[in-house]
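One file, final-v5.pdb, carrying PDB, C-alpha atoms:
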ATOM      1  CA  MET T1297      41.773  32.462  69.585  1.00  0.00           C
ATOM      2  CA  GLY T1298      40.574  29.086  68.325  1.00  0.00           C
ATOM      3  CA  THR T1299      37.839  28.251  65.926  1.00  0.00           C
ATOM      4  CA  THR T1300      35.396  25.419  66.349  1.00  0.00           C
ATOM      5  CA  PRO T1301      34.943  23.025  63.433  1.00  0.00           C
ATOM      6  CA  ALA T1302      31.623  22.769  61.620  1.00  0.00           C
ATOM      7  CA  PRO T1303      29.196  20.138  63.016  1.00  0.00           C
ATOM      8  CA  ASP T1304      29.976  17.725  60.158  1.00  0.00           C
ATOM      9  CA  GLN T1305      33.758  17.954  60.767  1.00  0.00           C
ATOM     10  CA  HIS T1306      36.138  16.991  63.555  1.00  0.00           C
ATOM     11  CA  ASP T1307      39.739  17.735  64.499  1.00  0.00           C
ATOM     12  CA  ALA T1308      42.585  15.610  63.215  1.00  0.00           C
ATOM     13  CA  TYR T1309      46.364  15.877  63.174  1.00  0.00           C
ATOM     14  CA  ALA T1310      48.478  15.503  60.050  1.00  0.00           C
ATOM     15  CA  VAL T1311      52.033  14.212  60.285  1.00  0.00           C
ATOM     16  CA  VAL T1312      53.773  16.352  57.668  1.00  0.00           C
ATOM     17  CA  ARG T1313      57.200  15.823  56.073  1.00  0.00           C
ATOM     18  CA  LEU T1314      59.291  18.794  54.970  1.00  0.00           C
ATOM     19  CA  ASP T1315      62.398  18.155  52.885  1.00  0.00           C
ATOM     20  CA  SER T1316      64.745  21.120  53.167  1.00  0.00           C
ATOM     21  CA  PHE T1317      68.065  21.960  51.633  1.00  0.00           C
ATOM     22  CA  ARG T1318      70.684  24.672  52.184  1.00  0.00           C
ATOM     23  CA  ASN T1319      69.429  28.196  51.323  1.00  0.00           C
ATOM     24  CA  PHE T1320      65.989  26.780  50.771  1.00  0.00           C
ATOM     25  CA  THR T1321      62.512  28.268  50.513  1.00  0.00           C
ATOM     26  CA  PRO T1322      59.683  25.805  51.304  1.00  0.00           C
ATOM     27  CA  ARG T1323      57.810  24.809  48.156  1.00  0.00           C
ATOM     28  CA  PRO T1324      54.789  22.499  47.702  1.00  0.00           C
ATOM     29  CA  GLU T1325      56.864  19.772  46.047  1.00  0.00           C
ATOM     30  CA  ASN T1326      59.003  19.564  49.221  1.00  0.00           C
ATOM     31  CA  VAL T1327      56.028  19.042  51.555  1.00  0.00           C
ATOM     32  CA  SER T1328      54.048  15.813  51.906  1.00  0.00           C
ATOM     33  CA  VAL T1329      51.510  14.426  54.372  1.00  0.00           C
ATOM     34  CA  ARG T1330      52.657  11.158  55.853  1.00  0.00           C
ATOM     35  CA  ARG T1331      49.568  10.293  57.924  1.00  0.00           C
ATOM     36  CA  VAL T1332      46.417  11.782  59.383  1.00  0.00           C
ATOM     37  CA  VAL T1333      45.490  10.643  62.903  1.00  0.00           C
ATOM     38  CA  HIS T1334      42.723  11.606  65.308  1.00  0.00           C
ATOM     39  CA  HIS T1335      44.739  11.843  68.530  1.00  0.00           C
ATOM     40  CA  PHE T1336      47.483  14.358  69.233  1.00  0.00           C
ATOM     41  CA  ALA T1337      49.456  11.855  71.317  1.00  0.00           C
ATOM     42  CA  GLU T1338      49.595   9.402  68.416  1.00  0.00           C
ATOM     43  CA  ALA T1339      50.819  12.134  66.046  1.00  0.00           C
ATOM     44  CA  GLU T1340      53.416  13.316  68.571  1.00  0.00           C
ATOM     45  CA  LEU T1341      54.796   9.805  69.041  1.00  0.00           C
ATOM     46  CA  GLU T1342      55.061   9.282  65.289  1.00  0.00           C
ATOM     47  CA  VAL T1343      56.766  12.652  64.716  1.00  0.00           C
ATOM     48  CA  ARG T1344      59.338  11.999  67.457  1.00  0.00           C
ATOM     49  CA  HIS T1345      60.171   8.583  66.009  1.00  0.00           C
ATOM     50  CA  LEU T1346      60.398   9.880  62.430  1.00  0.00           C
ATOM     51  CA  ASN T1347      62.583  12.853  63.381  1.00  0.00           C
ATOM     52  CA  MET T1348      65.041  10.514  65.153  1.00  0.00           C
ATOM     53  CA  THR T1349      65.417   8.383  62.018  1.00  0.00           C
ATOM     54  CA  ALA T1350      65.024  11.091  59.348  1.00  0.00           C
ATOM     55  CA  PRO T1351      67.892  11.863  56.973  1.00  0.00           C
ATOM     56  CA  THR T1352      69.663  15.219  57.251  1.00  0.00           C
ATOM     57  CA  GLY T1353      67.475  18.029  55.927  1.00  0.00           C
ATOM     58  CA  THR T1354      64.160  16.242  56.499  1.00  0.00           C
ATOM     59  CA  VAL T1355      61.870  17.402  59.308  1.00  0.00           C
ATOM     60  CA  TYR T1356      58.527  15.981  60.424  1.00  0.00           C
ATOM     61  CA  PHE T1357      55.980  18.099  62.276  1.00  0.00           C
ATOM     62  CA  ILE T1358      52.334  18.068  63.347  1.00  0.00           C
ATOM     63  CA  GLN T1359      49.700  20.207  61.708  1.00  0.00           C
ATOM     64  CA  ARG T1360      46.195  20.432  63.152  1.00  0.00           C
ATOM     65  CA  THR T1361      43.418  20.172  60.590  1.00  0.00           C
ATOM     66  CA  THR T1362      39.764  19.221  60.287  1.00  0.00           C
ATOM     67  CA  VAL T1363      38.292  16.331  58.356  1.00  0.00           C
ATOM     68  CA  ALA T1364      34.729  15.653  57.270  1.00  0.00           C
ATOM     69  CA  ARG T1365      32.903  12.850  59.036  1.00  0.00           C
ATOM     70  CA  ARG T1366      32.249   9.693  57.070  1.00  0.00           C
ATOM     71  CA  ILE T1367      28.719   9.322  55.820  1.00  0.00           C
ATOM     72  CA  GLU T1368      27.426   5.820  56.364  1.00  0.00           C
ATOM     73  CA  PRO T1369      25.236   4.386  53.580  1.00  0.00           C
ATOM     74  CA  ILE T1370      21.586   3.924  54.457  1.00  0.00           C
ATOM     75  CA  ALA T1371      20.115   0.496  53.703  1.00  0.00           C
ATOM     76  CA  VAL T1372      16.945   0.845  51.659  1.00  0.00           C
ATOM     77  CA  THR T1373      14.690  -2.090  50.855  1.00  0.00           C
ATOM     78  CA  LEU T1374      13.407  -2.008  47.303  1.00  0.00           C
ATOM     79  CA  SER T1375      10.070  -3.280  46.113  1.00  0.00           C
ATOM     80  CA  PRO T1376      10.101  -6.674  44.315  1.00  0.00           C
ATOM     81  CA  ALA T1377       9.300  -5.000  40.995  1.00  0.00           C
ATOM     82  CA  VAL T1378      12.453  -2.919  41.204  1.00  0.00           C
ATOM     83  CA  THR T1379      14.736  -5.715  42.372  1.00  0.00           C
ATOM     84  CA  THR T1380      13.728  -8.161  39.608  1.00  0.00           C
ATOM     85  CA  ALA T1381      14.146  -5.697  36.763  1.00  0.00           C
ATOM     86  CA  GLU T1382      17.383  -6.244  34.864  1.00  0.00           C
ATOM     87  CA  ALA T1383      19.666  -3.381  34.125  1.00  0.00           C
ATOM     88  CA  PRO T1384      20.112  -2.672  30.424  1.00  0.00           C
ATOM     89  CA  LEU T1385      23.164  -4.376  29.017  1.00  0.00           C
ATOM     90  CA  SER T1386      26.095  -2.258  28.037  1.00  0.00           C
ATOM     91  CA  SER T1387      27.005  -2.660  24.385  1.00  0.00           C
ATOM     92  CA  ARG T1388      30.557  -3.415  25.539  1.00  0.00           C
ATOM     93  CA  SER T1389      29.653  -6.212  27.978  1.00  0.00           C
ATOM     94  CA  ARG T1390      30.548  -9.791  27.148  1.00  0.00           C
ATOM     95  CA  ARG T1391      26.953 -10.872  27.553  1.00  0.00           C
ATOM     96  CA  ALA T1392      25.691  -8.225  25.125  1.00  0.00           C
ATOM     97  CA  ARG T1393      28.299  -9.161  22.535  1.00  0.00           C
ATOM     98  CA  ALA T1394      27.490 -12.856  22.926  1.00  0.00           C
ATOM     99  CA  GLU T1395      23.763 -12.233  22.441  1.00  0.00           C
ATOM    100  CA  LYS T1396      24.451 -10.052  19.419  1.00  0.00           C
ATOM    101  CA  LYS T1397      26.725 -12.706  17.930  1.00  0.00           C
ATOM    102  CA  GLY T1398      24.102 -15.397  18.314  1.00  0.00           C
ATOM    103  CA  GLY T1399      24.881 -16.745  21.721  1.00  0.00           C
ATOM    104  CA  THR T1400      25.735 -20.255  20.558  1.00  0.00           C
ATOM    105  CA  LYS T1401      29.179 -21.715  20.213  1.00  0.00           C
ATOM    106  CA  LYS T1402      29.999 -23.943  17.311  1.00  0.00           C
ATOM    107  CA  LYS T1403      30.952 -27.465  18.261  1.00  0.00           C
ATOM    108  CA  LYS T1404      34.319 -28.807  17.182  1.00  0.00           C
ATOM    109  CA  LYS T1405      34.246 -31.490  14.538  1.00  0.00           C
ATOM    110  CA  LYS T1406      35.415 -34.921  15.619  1.00  0.00           C
ATOM    111  CA  ARG T1407      37.990 -36.669  13.484  1.00  0.00           C
TER     112      ARG T1407
END
Written as structure tokens, that's how I'd like the structure from this file.
Amino acid sequence: MGTTPAPDQHDAYAVVRLDSFRNFTPRPENVSVRRVVHHFAEAELEVRHLNMTAPTGTVYFIQRTTVARRIEPIAVTLSPAVTTAEAPLSSRSRRARAEKKGGTKKKKKKR
């Protein structure tokens, strides 16, 4: 019985690495996600390649998961009054420190 992902999510496939040792119980520090892809065929190809070249005791497998869709930023045009207003200066900014100091550099004396 399968479940359908929420409307704001879609299926993906994680290529997972499991490092195992003799007489070993899987623990979180021995599991890592190598990649997340959107097509099963791509994940399967990667897992087959990695398992052929993996050192002894390391196994790669595919785990199906869901990921949230990316939210694209919406372009909003601002009124001219908002766009011309300057943001307040941070007390740590170079410009604020320069204005506080006096804003003018002393000229070097000529010999």
Pairwise distance for atom CA of T:Glu1340 and atom CA of T:Tyr1309, rounded to one decimal in Å: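 Between atom CA of T:Glu1340 and atom CA of T:Tyr1309 the gap works out to 9.2 Å.
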Residue contacts of T:Pro1324 (12 Å, all atoms listed in the file) excluding same-chain residues fewer than 2 positions away, as a list in words: Val1312, Arg1313, Leu1314, Asp1315, Ser1316, Thr1321, Pro1322, Asn1326, Val1327, Ser1328 and Val1329 of chain T
For T:Gln1305, which residue out of T:Thr1349, T:Thr1354, T:Ser1389, T:Thr1361 is the nearest one, using all atoms listed in the file?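 Answer, going by the shortest atom-to-atom distance: T:Thr1361.
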Using atom CA of T:Thr1362 and atom CA of T:His1306 as the two end points, give the distance in Å to one decimal. 5.4 Å
With 6 Å added on each side, what axis-aligned box encloses every listed atom of stretch 1309-1319 of chain T? Give the centre and edge lengths in Å to one decimal, as lines of an AutoDock Vina configuration file.
center_x = 58.5
center_y = 21.2
center_z = 57.2
size_x = 36.3
size_y = 26.0
size_z = 23.9
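Proximity of T:Glu1368, T:Val1311, T:Asn1319, T:Lys1397 to T:Gly1353, computed with all atoms listed in the file, is greatest for T:Asn1319.
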Check which residues satisfy the PyMOL selection byres ((chain T and resi 1364) around 6) in the file shown, then give them as a ChimeraX atom specification. /T:1304-1305,1363,1365
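The space separating atom CA of T:Arg1331 from atom CA of T:Arg1360 comes to 11.9 Å.
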